[in-house]
>>> print(open('model_11.txt').read())   # compact mmCIF, C-alpha atoms
# COMPACT_ATOMS: atom_id res chain seq x y z
CA MET O 1 -34.66 10.38 66.01
CA LYS O 2 -33.20 13.69 65.36
CA LEU O 3 -32.06 14.45 61.88
CA GLY O 4 -29.34 16.95 61.36
CA ARG O 5 -30.14 19.98 59.33
CA LEU O 6 -29.33 19.36 55.72
CA ALA O 7 -26.99 21.86 54.22
CA THR O 8 -28.68 23.95 51.59
CA ASP O 9 -27.27 25.81 48.65
CA SER O 10 -24.04 23.84 48.76
CA LYS O 11 -22.19 23.53 45.48
CA VAL O 12 -19.95 20.63 44.64
CA ASP O 13 -17.00 21.84 42.66
CA LEU O 14 -15.68 19.32 40.17
CA ASP O 15 -12.02 19.63 39.39
CA MET O 16 -11.81 19.27 35.60
CA THR O 17 -8.05 19.23 35.38
CA PRO O 18 -7.57 15.45 35.19
CA MET O 19 -10.22 15.27 32.49
CA ILE O 20 -8.32 17.80 30.42
CA ASP O 21 -5.16 15.78 30.91
CA ILE O 22 -6.87 12.64 29.62
CA VAL O 23 -8.33 14.49 26.69
CA PHE O 24 -4.93 15.91 25.76
CA GLN O 25 -3.49 12.41 25.95
CA LEU O 26 -6.12 11.28 23.46
CA ILE O 27 -5.41 14.19 21.14
CA THR O 28 -1.70 13.47 21.22
CA PHE O 29 -2.37 9.83 20.40
CA PHE O 30 -4.53 10.70 17.41
CA MET O 31 -2.08 13.32 16.15
CA VAL O 32 0.75 10.81 16.18
CA VAL O 33 -1.23 7.98 14.63
CA ILE O 34 -3.07 9.87 11.94
CA ASN O 35 -1.70 9.64 8.44
CA PHE O 36 -2.92 12.25 6.02
CA GLU O 37 -1.26 10.46 3.11
CA ALA O 38 -4.25 8.10 3.22
CA GLY O 39 -5.64 10.45 0.58
CA GLU O 40 -3.56 8.57 -1.98
CA ILE O 41 -5.24 5.29 -1.17
CA ASP O 42 -8.44 4.41 -2.96
CA GLU O 43 -10.59 2.10 -0.88
CA ARG O 44 -12.10 0.60 -4.04
CA VAL O 45 -8.81 -1.16 -4.79
CA LYS O 46 -8.63 -4.42 -2.83
CA LEU O 47 -4.93 -5.19 -2.86
CA ALA O 48 -3.39 -8.61 -3.27
CA GLN O 49 -1.70 -10.02 -0.19
CA SER O 50 1.88 -11.15 0.27
CA GLU O 51 3.89 -12.20 3.29
CA LEU O 52 7.01 -10.64 1.76
CA ALA O 53 5.49 -7.22 1.20
CA ARG O 54 7.17 -4.76 3.53
CA PRO O 55 6.94 -0.99 3.68
CA PRO O 56 9.98 0.57 2.02
CA LYS O 57 12.64 1.67 4.47
CA VAL O 58 13.48 4.67 2.37
CA LYS O 59 10.64 6.40 0.62
CA PRO O 60 11.46 7.34 -2.99
CA ASP O 61 11.82 11.05 -3.71
CA ASN O 62 9.26 10.97 -6.46
CA GLU O 63 6.32 8.62 -6.65
CA LEU O 64 3.52 8.25 -9.11
CA VAL O 65 0.74 6.14 -7.63
CA LEU O 66 -1.48 4.40 -10.16
CA GLN O 67 -4.52 2.57 -8.85
CA MET O 68 -6.34 -0.03 -10.92
CA GLY O 69 -9.55 -1.54 -9.73
CA PHE O 70 -13.22 -2.10 -10.42
CA GLN O 71 -16.48 -0.32 -9.84
CA ARG O 72 -18.47 -2.49 -7.46
CA ASP O 73 -22.10 -2.55 -6.50
CA PRO O 74 -23.18 -2.27 -2.85
CA LYS O 75 -22.85 -6.05 -2.50
CA GLY O 76 -19.22 -5.91 -3.62
CA GLN O 77 -19.79 -7.50 -7.04
CA VAL O 78 -17.70 -6.23 -9.91
CA VAL O 79 -19.75 -4.18 -12.38
CA SER O 80 -17.11 -2.76 -14.68
CA GLU O 81 -13.95 -3.46 -16.59
CA PRO O 82 -10.66 -2.65 -14.84
CA LEU O 83 -10.36 1.10 -14.49
CA LEU O 84 -7.67 3.48 -13.34
CA PHE O 85 -8.68 5.65 -10.40
CA TYR O 86 -6.85 8.87 -11.05
CA ASN O 87 -7.67 12.32 -9.68
CA SER O 88 -11.04 11.17 -8.36
CA GLN O 89 -11.99 9.82 -11.80
CA ALA O 90 -12.37 6.31 -13.12
CA ILE O 91 -10.54 6.13 -16.45
CA PRO O 92 -10.19 3.20 -18.86
CA LEU O 93 -6.61 2.21 -19.50
CA GLU O 94 -6.96 3.12 -23.19
CA GLU O 95 -7.66 6.76 -22.25
CA PHE O 96 -4.87 7.10 -19.74
CA ARG O 97 -1.96 7.87 -22.05
CA PRO O 98 -2.59 11.65 -22.34
CA LEU O 99 -2.79 11.93 -18.54
CA LEU O 100 0.44 10.03 -18.17
CA LYS O 101 2.08 12.34 -20.68
CA ARG O 102 0.91 15.25 -18.57
CA GLU O 103 2.53 13.74 -15.49
CA THR O 104 5.75 13.26 -17.45
CA ALA O 105 5.65 16.86 -18.71
CA PHE O 106 5.20 18.08 -15.15
CA TYR O 107 8.18 16.05 -14.04
CA ARG O 108 10.25 17.43 -16.92
CA LEU O 109 9.63 20.98 -15.74
CA SER O 110 12.05 20.37 -12.89
CA ASN O 111 14.15 17.67 -14.56
CA PRO O 112 14.41 18.48 -18.26
CA THR O 113 17.17 15.99 -18.99
CA GLY O 114 18.23 12.61 -17.82
CA PRO O 115 16.25 9.47 -17.07
CA ILE O 116 12.97 9.67 -15.22
CA ARG O 117 13.66 8.83 -11.59
CA THR O 118 10.04 8.67 -10.56
CA THR O 119 8.96 5.35 -9.11
CA VAL O 120 5.63 4.18 -10.46
CA VAL O 121 3.73 2.56 -7.62
CA ILE O 122 1.05 0.24 -8.93
CA ARG O 123 -1.85 -0.54 -6.61
CA ALA O 124 -3.89 -3.08 -8.49
CA ASP O 125 -6.95 -4.94 -7.33
CA ALA O 126 -6.33 -8.62 -6.60
CA GLU O 127 -8.91 -9.62 -9.21
CA CYS O 128 -7.50 -7.47 -12.01
CA PRO O 129 -6.37 -9.45 -15.04
CA ALA O 130 -2.60 -9.73 -14.97
CA GLY O 131 -2.50 -8.71 -18.62
CA ARG O 132 -4.07 -5.33 -17.84
CA VAL O 133 -1.47 -4.64 -15.18
CA GLN O 134 1.25 -5.58 -17.64
CA GLU O 135 -0.28 -3.26 -20.23
CA LEU O 136 -0.18 -0.45 -17.68
CA ILE O 137 3.48 -1.19 -16.99
CA ARG O 138 4.10 -1.22 -20.74
CA LEU O 139 2.37 2.13 -21.11
CA CYS O 140 4.60 3.64 -18.44
CA GLN O 141 7.69 2.12 -20.00
CA GLU O 142 6.82 3.76 -23.31
CA GLU O 143 6.82 7.08 -21.44
CA LYS O 144 10.34 6.25 -20.22
CA TYR O 145 9.47 5.23 -16.67
CA GLU O 146 11.84 2.50 -15.51
CA LYS O 147 11.24 2.00 -11.81
CA PHE O 148 8.14 0.18 -10.65
CA SER O 149 6.82 -0.91 -7.31
CA LEU O 150 4.01 -3.40 -7.06
CA ARG O 151 2.05 -2.70 -3.91
CA ALA O 152 0.59 -5.54 -1.88
CA MET O 153 -0.98 -5.83 1.51
CA GLN O 154 1.24 -7.25 4.18
CA LEU O 155 0.13 -10.73 5.17
CA GLU O 156 0.97 -11.69 8.72
CA VAL O 157 2.71 -15.05 8.97
CA GLN O 158 1.23 -17.28 11.70
CA MET B 1 -5.35 30.84 39.81
CA GLN B 2 -4.58 34.37 40.74
CA ARG B 3 -5.19 35.67 44.06
CA LEU B 4 -6.39 39.15 44.73
CA ARG B 5 -5.74 40.64 47.99
CA ASP B 6 -8.78 42.34 49.30
CA LYS B 7 -8.06 44.37 52.35
CA SER B 8 -11.47 43.94 53.82
CA HIS B 9 -12.10 40.29 53.06
CA GLY B 10 -8.66 38.68 52.66
CA ILE B 11 -7.31 36.70 49.71
CA HIS B 12 -9.77 35.67 46.95
CA LYS B 13 -9.18 33.07 44.26
CA ILE B 14 -10.27 33.85 40.70
CA PRO B 15 -11.87 30.72 39.32
CA ILE B 16 -11.11 30.08 35.65
CA ASP B 17 -13.92 28.30 33.91
CA MET B 18 -12.41 25.34 31.97
CA THR B 19 -15.62 24.23 30.29
CA PRO B 20 -15.04 26.02 26.93
CA MET B 21 -11.56 24.56 26.78
CA ILE B 22 -12.96 21.08 27.20
CA ASP B 23 -15.50 21.81 24.46
CA ALA B 24 -12.75 22.88 22.07
CA VAL B 25 -10.66 19.86 22.96
CA PHE B 26 -13.58 17.51 22.37
CA GLN B 27 -14.12 19.11 18.97
CA LEU B 28 -10.50 18.29 18.15
CA ILE B 29 -10.89 14.72 19.30
CA ILE B 30 -13.99 14.23 17.16
CA PHE B 31 -12.12 15.63 14.14
CA PHE B 32 -9.23 13.23 14.63
CA MET B 33 -11.51 10.28 15.29
CA LEU B 34 -13.39 10.90 12.04
CA THR B 35 -10.26 11.39 9.94
CA LEU B 36 -8.35 8.44 11.40
CA LYS B 37 -8.24 5.39 9.16
CA ILE B 38 -6.95 2.19 10.59
CA ARG B 39 -5.62 0.03 7.80
CA THR B 40 -3.24 -2.80 7.24
CA GLU B 41 0.30 -1.89 6.36
CA GLU B 42 1.13 -2.07 2.67
CA GLY B 43 4.41 -3.16 1.21
CA ASN B 44 6.21 -3.04 -2.09
CA PHE B 45 7.88 -5.30 -4.56
CA ASP B 46 10.39 -3.22 -6.44
CA ILE B 47 11.05 -3.99 -10.08
CA ASN B 48 13.48 -2.33 -12.42
CA MET B 49 12.13 -2.53 -15.95
CA PRO B 50 13.79 -0.25 -18.47
CA ILE B 51 12.21 -0.71 -21.85
CA GLY B 52 14.48 -2.08 -24.52
CA ALA B 53 17.41 -2.56 -22.12
CA PRO B 54 19.79 -5.22 -23.40
CA ALA B 55 20.50 -8.20 -21.23
CA GLN B 56 23.37 -7.38 -18.93
CA ALA B 57 26.33 -9.50 -19.70
CA SER B 58 28.40 -8.31 -16.79
CA SER B 59 28.10 -11.51 -14.83
CA GLN B 60 30.80 -14.11 -15.05
CA LEU B 61 28.20 -16.63 -14.05
CA LEU B 62 26.15 -17.30 -17.16
CA VAL B 63 22.86 -18.14 -15.53
CA PRO B 64 19.84 -18.83 -17.67
CA ASP B 65 16.60 -17.16 -16.65
CA ILE B 66 14.20 -19.18 -14.58
CA LYS B 67 10.90 -19.28 -16.41
CA VAL B 68 7.68 -19.55 -14.45
CA ARG B 69 4.48 -20.06 -16.39
CA LEU B 70 1.10 -19.29 -14.86
CA ILE B 71 -1.87 -20.74 -16.70
CA ALA B 72 -5.31 -19.44 -15.84
CA ASN B 73 -8.50 -21.42 -15.54
CA ARG B 74 -11.86 -20.15 -16.78
CA ALA B 75 -12.57 -18.21 -13.57
CA GLY B 76 -9.24 -16.36 -13.69
CA GLY B 77 -7.71 -18.42 -10.91
CA LEU B 78 -4.59 -20.52 -11.21
CA GLY B 79 -5.14 -23.53 -13.46
CA ARG B 80 -1.57 -24.76 -13.59
CA LEU B 81 1.85 -23.58 -12.49
CA GLU B 82 4.89 -24.59 -14.49
CA LEU B 83 8.55 -24.15 -13.63
CA GLY B 84 10.45 -24.52 -16.88
CA ARG B 85 8.86 -27.59 -18.39
CA ARG B 86 7.83 -29.12 -15.06
CA SER B 87 4.24 -28.87 -13.96
CA LEU B 88 3.79 -28.08 -10.28
CA GLY B 89 0.02 -28.36 -10.17
CA ASN B 90 -2.09 -25.60 -8.69
CA GLY B 91 -3.10 -24.16 -5.36
CA ASP B 92 -0.95 -23.09 -2.45
CA GLN B 93 1.06 -26.32 -2.59
CA ALA B 94 2.22 -25.41 -6.08
CA TYR B 95 3.59 -22.12 -4.82
CA ALA B 96 5.30 -23.84 -1.89
CA THR B 97 6.92 -26.28 -4.33
CA LEU B 98 7.96 -23.37 -6.55
CA ASN B 99 9.54 -21.65 -3.57
CA GLU B 100 11.49 -24.77 -2.60
CA SER B 101 12.58 -25.41 -6.18
CA ILE B 102 13.91 -21.89 -6.72
CA LEU B 103 15.67 -21.96 -3.37
CA GLY B 104 17.26 -25.22 -4.48
CA ILE B 105 18.43 -23.60 -7.72
CA VAL B 106 19.91 -20.40 -6.33
CA GLY B 107 20.75 -21.37 -2.76
CA LYS B 108 20.50 -19.02 0.20
CA GLY B 109 22.93 -16.12 0.18
CA GLY B 110 24.83 -17.52 -2.74
CA ALA B 111 26.48 -15.71 -5.61
CA LEU B 112 23.52 -16.56 -7.82
CA ASN B 113 21.12 -14.42 -5.81
CA LYS B 114 22.04 -11.23 -7.60
CA GLU B 115 22.50 -12.79 -11.02
CA VAL B 116 19.58 -15.05 -11.60
CA GLU B 117 16.45 -13.53 -13.09
CA VAL B 118 12.99 -15.01 -12.91
CA GLU B 119 10.68 -14.45 -15.83
CA ILE B 120 6.99 -14.68 -15.05
CA ASP B 121 4.78 -15.56 -17.98
CA ALA B 122 1.17 -15.22 -16.88
CA ASP B 123 -1.98 -15.66 -18.89
CA TYR B 124 -3.76 -12.42 -19.68
CA GLU B 125 -6.90 -13.25 -17.73
CA LEU B 126 -5.13 -14.59 -14.65
CA HIS B 127 -6.00 -12.74 -11.48
CA TYR B 128 -3.31 -10.36 -10.31
CA GLN B 129 -3.35 -12.02 -6.87
CA GLU B 130 -1.86 -15.17 -8.45
CA VAL B 131 0.95 -13.13 -10.00
CA ILE B 132 1.75 -11.63 -6.61
CA LYS B 133 1.78 -15.10 -5.08
CA ALA B 134 4.17 -16.24 -7.79
CA ILE B 135 6.45 -13.25 -7.20
CA THR B 136 6.36 -13.98 -3.48
CA ALA B 137 7.23 -17.62 -4.07
CA CYS B 138 10.05 -16.70 -6.45
CA THR B 139 11.72 -13.97 -4.45
CA GLY B 140 12.04 -15.37 -0.97
CA ARG B 141 10.43 -16.55 2.20
CA VAL B 142 9.79 -15.41 5.76
CA ASN B 143 12.21 -16.80 8.30
CA PRO B 144 9.99 -18.60 10.84
CA ALA B 145 12.38 -17.80 13.69
CA THR B 146 12.87 -14.08 13.09
CA LYS B 147 9.63 -13.43 11.14
CA GLN B 148 11.72 -11.33 8.75
CA PRO B 149 11.69 -11.77 4.97
CA GLU B 150 14.72 -13.38 3.35
CA ARG B 151 15.09 -12.73 -0.36
CA PHE B 152 17.00 -15.09 -2.58
CA VAL B 153 16.05 -13.69 -6.00
CA GLU B 154 16.28 -9.98 -6.68
CA LYS B 155 15.43 -9.71 -10.37
CA ILE B 156 11.95 -10.31 -11.65
CA LYS B 157 10.64 -9.60 -15.12
CA PHE B 158 7.44 -10.23 -16.99
CA ALA B 159 7.00 -11.89 -20.34
CA PRO B 160 5.05 -9.73 -22.80
CA PRO B 161 1.31 -10.10 -22.27
CA ARG B 162 -0.65 -12.11 -24.79
CA LYS B 163 -4.12 -10.74 -25.21
CA PRO B 164 -6.59 -13.55 -25.87
CA ALA B 165 -8.23 -13.53 -29.28
CA ALA B 166 -11.70 -12.00 -29.26
CA GLU B 167 -14.41 -14.62 -29.21
CA PRO B 168 -16.49 -14.73 -32.40
>>> encode(input="model_11.txt", output="structure tokens")
Amino acid sequence: MKLGRLATDSKVDLDMTPMIDIVFQLITFFMVVINFEAGEIDERVKLAQSELARPPKVKPDNELVLQMGFQRDPKGQVVSEPLLFYNSQAIPLEEFRPLLKRETAFYRLSNPTGPIRTTVVIRADAECPAGRVQELIRLCQEEKYEKFSLRAMQLEVQ
Amino acid sequence: MQRLRDKSHGIHKIPIDMTPMIDAVFQLIIFFMLTLKIRTEEGNFDINMPIGAPAQASSQLLVPDIKVRLIANRAGGLGRLELGRRSLGNGDQAYATLNESILGIVGKGGALNKEVEVEIDADYELHYQEVIKAITACTGRVNPATKQPERFVEKIKFAPPRKPAAEP
């Protein structure tokens, strides 16, 4: 049996163009889907669920997001009183008033007169005592905030 | 790919090496994959609560507030749900009954929708999840055919919180 001479030193050129196309498709997908506003969401706050909760159709011009939750151990057990997660810190509600005043003062720099049109968005953990959430609302009302949004996770209806 | 005309050897193609471009593109993909967070959509319940605002007497329909009382058990869950003076029990059935009762009071799409106000009086230690369930039950329901929410109460307010007395 005669074997043909094997070709030597032959290179196989791979055309990488389709691979680049696929990779660009992936990049485009991620760029469209990514939401950098996720920085406002603290993963420690496990929101309550509601089938009526819907994302707002029109986002308010000014929002102040207040997040109330618990410190949890690695097993997920609550190890603290309800705290406000604000500017990467965990602050008891009793110590929050000066920070809220600072937010109000900042708002007043651009709106010195008139009612405060900022919407206070409250993201509270499902296990937070209702009274603490009401105290937070009361605190904001005393600083002349009038609009509130209670944030809940959307529950899909079967 | 450009072609150079070489008089002695004919046309040559200039190969462009795409490997560094693929490297850069993969770096971008890894960045986006690490920063992407897939999470459930969140929604809002909007409440208007000006402090000290007097009750609006603009309505010709003098509608008393609907009072919903949420009583907590020792664990912070719902012990009992009351609509006015009527006890509705506890659990998901209580909220379903509350939803039906309020729909029966205000009707769907009626003139009362904009006028009636529901006051939620929850125990201090009650879990916030139960308050959200009560608000959900009071404000509307999801249409099973269209899967869209239908609201029949637009005004919600909270009774002042009553902090429990410190245990001796």
>>> atom_distance(input="model_11.txt", atom1="CA of Gln49 in chain O", atom2="CA of Arg141 in chain B")
14.0 Å
>>> closest_residue(input="model_11.txt", among="B:Tyr124, B:Phe26, B:Tyr95, B:Phe31", to="chain O", atoms="all atoms listed in the file")
B:Tyr124
>>> closest_atom_pairs(input="model_11.txt", of="chain O", to="chain B", cutoff="9 Å", atoms="only C-alpha atoms", output="tab-separated table")
residue	atom	partner	partner_atom	distance
O:Met16	CA	B:Met18	CA	7.1
O:Thr17	CA	B:Met18	CA	8.2
O:Met19	CA	B:Ile22	CA	8.3
O:Ile20	CA	B:Ile22	CA	6.5
O:Val23	CA	B:Val25	CA	6.9
O:Phe24	CA	B:Val25	CA	7.5
O:Leu26	CA	B:Ile29	CA	7.2
O:Ile27	CA	B:Ile29	CA	5.8
O:Phe30	CA	B:Phe32	CA	6.0
O:Met31	CA	B:Phe32	CA	7.3
O:Val33	CA	B:Leu36	CA	7.8
O:Ile34	CA	B:Leu36	CA	5.5
O:Asn35	CA	B:Leu36	CA	7.4
O:Phe36	CA	B:Thr35	CA	8.4
O:Ala38	CA	B:Lys37	CA	7.7
O:Leu47	CA	B:Gln129	CA	8.1
O:Ala48	CA	B:Gln129	CA	5.0
O:Gln49	CA	B:Gln129	CA	7.2
O:Ser50	CA	B:Thr136	CA	6.5
O:Glu51	CA	B:Val142	CA	7.2
O:Leu52	CA	B:Pro149	CA	5.8
O:Ala53	CA	B:Gly43	CA	4.2
O:Arg54	CA	B:Gly43	CA	3.9
O:Pro55	CA	B:Gly43	CA	4.1
O:Pro56	CA	B:Asn44	CA	6.6
O:Val121	CA	B:Asn44	CA	8.3
O:Ala124	CA	B:Tyr128	CA	7.5
O:Asp125	CA	B:Tyr128	CA	7.2
O:Ala126	CA	B:Gln129	CA	4.5
O:Glu127	CA	B:His127	CA	4.8
O:Cys128	CA	B:Tyr128	CA	5.4
O:Pro129	CA	B:Glu125	CA	4.7
O:Ala130	CA	B:Tyr128	CA	4.8
O:Gly131	CA	B:Tyr124	CA	4.1
O:Arg132	CA	B:Tyr124	CA	7.3
O:Val133	CA	B:Tyr128	CA	7.7
O:Gln134	CA	B:Pro161	CA	6.5
O:Glu135	CA	B:Pro161	CA	7.3
O:Ile137	CA	B:Met49	CA	8.8
O:Arg138	CA	B:Ile51	CA	8.2
O:Gln141	CA	B:Ile51	CA	5.6
O:Glu142	CA	B:Ile51	CA	7.2
O:Lys144	CA	B:Ile51	CA	7.4
O:Tyr145	CA	B:Pro50	CA	7.2
O:Glu146	CA	B:Pro50	CA	4.5
O:Lys147	CA	B:Asn48	CA	4.9
O:Phe148	CA	B:Ile47	CA	5.1
O:Ser149	CA	B:Asp46	CA	4.3
O:Leu150	CA	B:Phe45	CA	5.0
O:Arg151	CA	B:Asn44	CA	4.6
O:Ala152	CA	B:Gly43	CA	5.5
O:Met153	CA	B:Glu42	CA	4.5
O:Gln154	CA	B:Glu42	CA	5.4
O:Leu155	CA	B:Thr40	CA	8.9
O:Val157	CA	B:Lys147	CA	7.4
O:Gln158	CA	B:Pro144	CA	8.9
>>> atom_distance(input="model_11.txt", atom1="CA of Lys101 in chain O", atom2="CA of Ser80 in chain O")
25.1 Å
>>> atom_distance(input="model_11.txt", atom1="CA of Gln27 in chain B", atom2="CA of Asp21 in chain O")
15.3 Å
>>> build_atoms(input="model_11.txt", residues="range 25-34 of chain O", atoms="all heavy atoms", output="PDB file, keeping the file's coordinate frame")
ATOM      1  N   GLN O  25      -4.146  13.671  26.285  1.00  0.00           N
ATOM      2  CA  GLN O  25      -3.490  12.410  25.950  1.00  0.00           C
ATOM      3  C   GLN O  25      -4.106  11.808  24.676  1.00  0.00           C
ATOM      4  O   GLN O  25      -3.404  11.335  23.792  1.00  0.00           O
ATOM      5  CB  GLN O  25      -3.626  11.401  27.093  1.00  0.00           C
ATOM      6  CG  GLN O  25      -2.913  11.757  28.382  1.00  0.00           C
ATOM      7  CD  GLN O  25      -1.429  11.456  28.311  1.00  0.00           C
ATOM      8  OE1 GLN O  25      -0.981  10.646  27.519  1.00  0.00           O
ATOM      9  NE2 GLN O  25      -0.649  12.118  29.148  1.00  0.00           N
ATOM     10  N   LEU O  26      -5.425  11.832  24.639  1.00  0.00           N
ATOM     11  CA  LEU O  26      -6.120  11.280  23.460  1.00  0.00           C
ATOM     12  C   LEU O  26      -5.767  12.062  22.204  1.00  0.00           C
ATOM     13  O   LEU O  26      -5.511  11.491  21.141  1.00  0.00           O
ATOM     14  CB  LEU O  26      -7.640  11.320  23.680  1.00  0.00           C
ATOM     15  CG  LEU O  26      -8.227  10.241  24.580  1.00  0.00           C
ATOM     16  CD1 LEU O  26      -9.692  10.534  24.853  1.00  0.00           C
ATOM     17  CD2 LEU O  26      -8.071   8.872  23.958  1.00  0.00           C
ATOM     18  N   ILE O  27      -5.753  13.372  22.317  1.00  0.00           N
ATOM     19  CA  ILE O  27      -5.410  14.190  21.140  1.00  0.00           C
ATOM     20  C   ILE O  27      -4.002  13.880  20.677  1.00  0.00           C
ATOM     21  O   ILE O  27      -3.744  13.719  19.484  1.00  0.00           O
ATOM     22  CB  ILE O  27      -5.549  15.679  21.470  1.00  0.00           C
ATOM     23  CG1 ILE O  27      -7.017  16.071  21.519  1.00  0.00           C
ATOM     24  CG2 ILE O  27      -4.849  16.528  20.435  1.00  0.00           C
ATOM     25  CD1 ILE O  27      -7.230  17.536  21.756  1.00  0.00           C
ATOM     26  N   THR O  28      -3.085  13.766  21.599  1.00  0.00           N
ATOM     27  CA  THR O  28      -1.700  13.470  21.220  1.00  0.00           C
ATOM     28  C   THR O  28      -1.620  12.121  20.522  1.00  0.00           C
ATOM     29  O   THR O  28      -0.918  11.969  19.513  1.00  0.00           O
ATOM     30  CB  THR O  28      -0.798  13.459  22.473  1.00  0.00           C
ATOM     31  OG1 THR O  28      -0.971  14.677  23.187  1.00  0.00           O
ATOM     32  CG2 THR O  28       0.657  13.293  22.096  1.00  0.00           C
ATOM     33  N   PHE O  29      -2.347  11.140  21.045  1.00  0.00           N
ATOM     34  CA  PHE O  29      -2.370   9.830  20.400  1.00  0.00           C
ATOM     35  C   PHE O  29      -2.860   9.937  18.969  1.00  0.00           C
ATOM     36  O   PHE O  29      -2.240   9.439  18.025  1.00  0.00           O
ATOM     37  CB  PHE O  29      -3.263   8.864  21.192  1.00  0.00           C
ATOM     38  CG  PHE O  29      -3.623   7.622  20.434  1.00  0.00           C
ATOM     39  CD1 PHE O  29      -2.705   6.600  20.267  1.00  0.00           C
ATOM     40  CD2 PHE O  29      -4.882   7.476  19.869  1.00  0.00           C
ATOM     41  CE1 PHE O  29      -3.033   5.460  19.564  1.00  0.00           C
ATOM     42  CE2 PHE O  29      -5.216   6.345  19.166  1.00  0.00           C
ATOM     43  CZ  PHE O  29      -4.286   5.332  19.014  1.00  0.00           C
ATOM     44  N   PHE O  30      -3.969  10.596  18.760  1.00  0.00           N
ATOM     45  CA  PHE O  30      -4.530  10.700  17.410  1.00  0.00           C
ATOM     46  C   PHE O  30      -3.610  11.494  16.492  1.00  0.00           C
ATOM     47  O   PHE O  30      -3.455  11.157  15.322  1.00  0.00           O
ATOM     48  CB  PHE O  30      -5.917  11.359  17.459  1.00  0.00           C
ATOM     49  CG  PHE O  30      -7.000  10.431  17.902  1.00  0.00           C
ATOM     50  CD1 PHE O  30      -7.742  10.692  19.043  1.00  0.00           C
ATOM     51  CD2 PHE O  30      -7.290   9.284  17.189  1.00  0.00           C
ATOM     52  CE1 PHE O  30      -8.737   9.840  19.452  1.00  0.00           C
ATOM     53  CE2 PHE O  30      -8.282   8.422  17.593  1.00  0.00           C
ATOM     54  CZ  PHE O  30      -9.007   8.697  18.734  1.00  0.00           C
ATOM     55  N   MET O  31      -2.967  12.523  17.000  1.00  0.00           N
ATOM     56  CA  MET O  31      -2.080  13.320  16.150  1.00  0.00           C
ATOM     57  C   MET O  31      -0.880  12.501  15.699  1.00  0.00           C
ATOM     58  O   MET O  31      -0.390  12.651  14.593  1.00  0.00           O
ATOM     59  CB  MET O  31      -1.607  14.565  16.909  1.00  0.00           C
ATOM     60  CG  MET O  31      -2.670  15.634  17.018  1.00  0.00           C
ATOM     61  SD  MET O  31      -2.140  17.004  18.042  1.00  0.00           S
ATOM     62  CE  MET O  31      -0.868  17.723  17.026  1.00  0.00           C
ATOM     63  N   VAL O  32      -0.410  11.620  16.560  1.00  0.00           N
ATOM     64  CA  VAL O  32       0.750  10.810  16.180  1.00  0.00           C
ATOM     65  C   VAL O  32       0.343   9.710  15.215  1.00  0.00           C
ATOM     66  O   VAL O  32       1.071   9.394  14.275  1.00  0.00           O
ATOM     67  CB  VAL O  32       1.399  10.209  17.464  1.00  0.00           C
ATOM     68  CG1 VAL O  32       2.398   9.143  17.114  1.00  0.00           C
ATOM     69  CG2 VAL O  32       2.064  11.304  18.277  1.00  0.00           C
ATOM     70  N   VAL O  33      -0.832   9.143  15.416  1.00  0.00           N
ATOM     71  CA  VAL O  33      -1.230   7.980  14.630  1.00  0.00           C
ATOM     72  C   VAL O  33      -1.787   8.364  13.278  1.00  0.00           C
ATOM     73  O   VAL O  33      -1.657   7.629  12.306  1.00  0.00           O
ATOM     74  CB  VAL O  33      -2.285   7.156  15.433  1.00  0.00           C
ATOM     75  CG1 VAL O  33      -2.979   6.141  14.568  1.00  0.00           C
ATOM     76  CG2 VAL O  33      -1.611   6.478  16.598  1.00  0.00           C
ATOM     77  N   ILE O  34      -2.363   9.521  13.175  1.00  0.00           N
ATOM     78  CA  ILE O  34      -3.070   9.870  11.940  1.00  0.00           C
ATOM     79  C   ILE O  34      -2.085  10.006  10.789  1.00  0.00           C
ATOM     80  O   ILE O  34      -0.946  10.445  10.973  1.00  0.00           O
ATOM     81  CB  ILE O  34      -3.871  11.169  12.135  1.00  0.00           C
ATOM     82  CG1 ILE O  34      -4.936  11.282  11.040  1.00  0.00           C
ATOM     83  CG2 ILE O  34      -2.980  12.392  12.147  1.00  0.00           C
ATOM     84  CD1 ILE O  34      -5.971  12.332  11.329  1.00  0.00           C
TER      85      ILE O  34
END
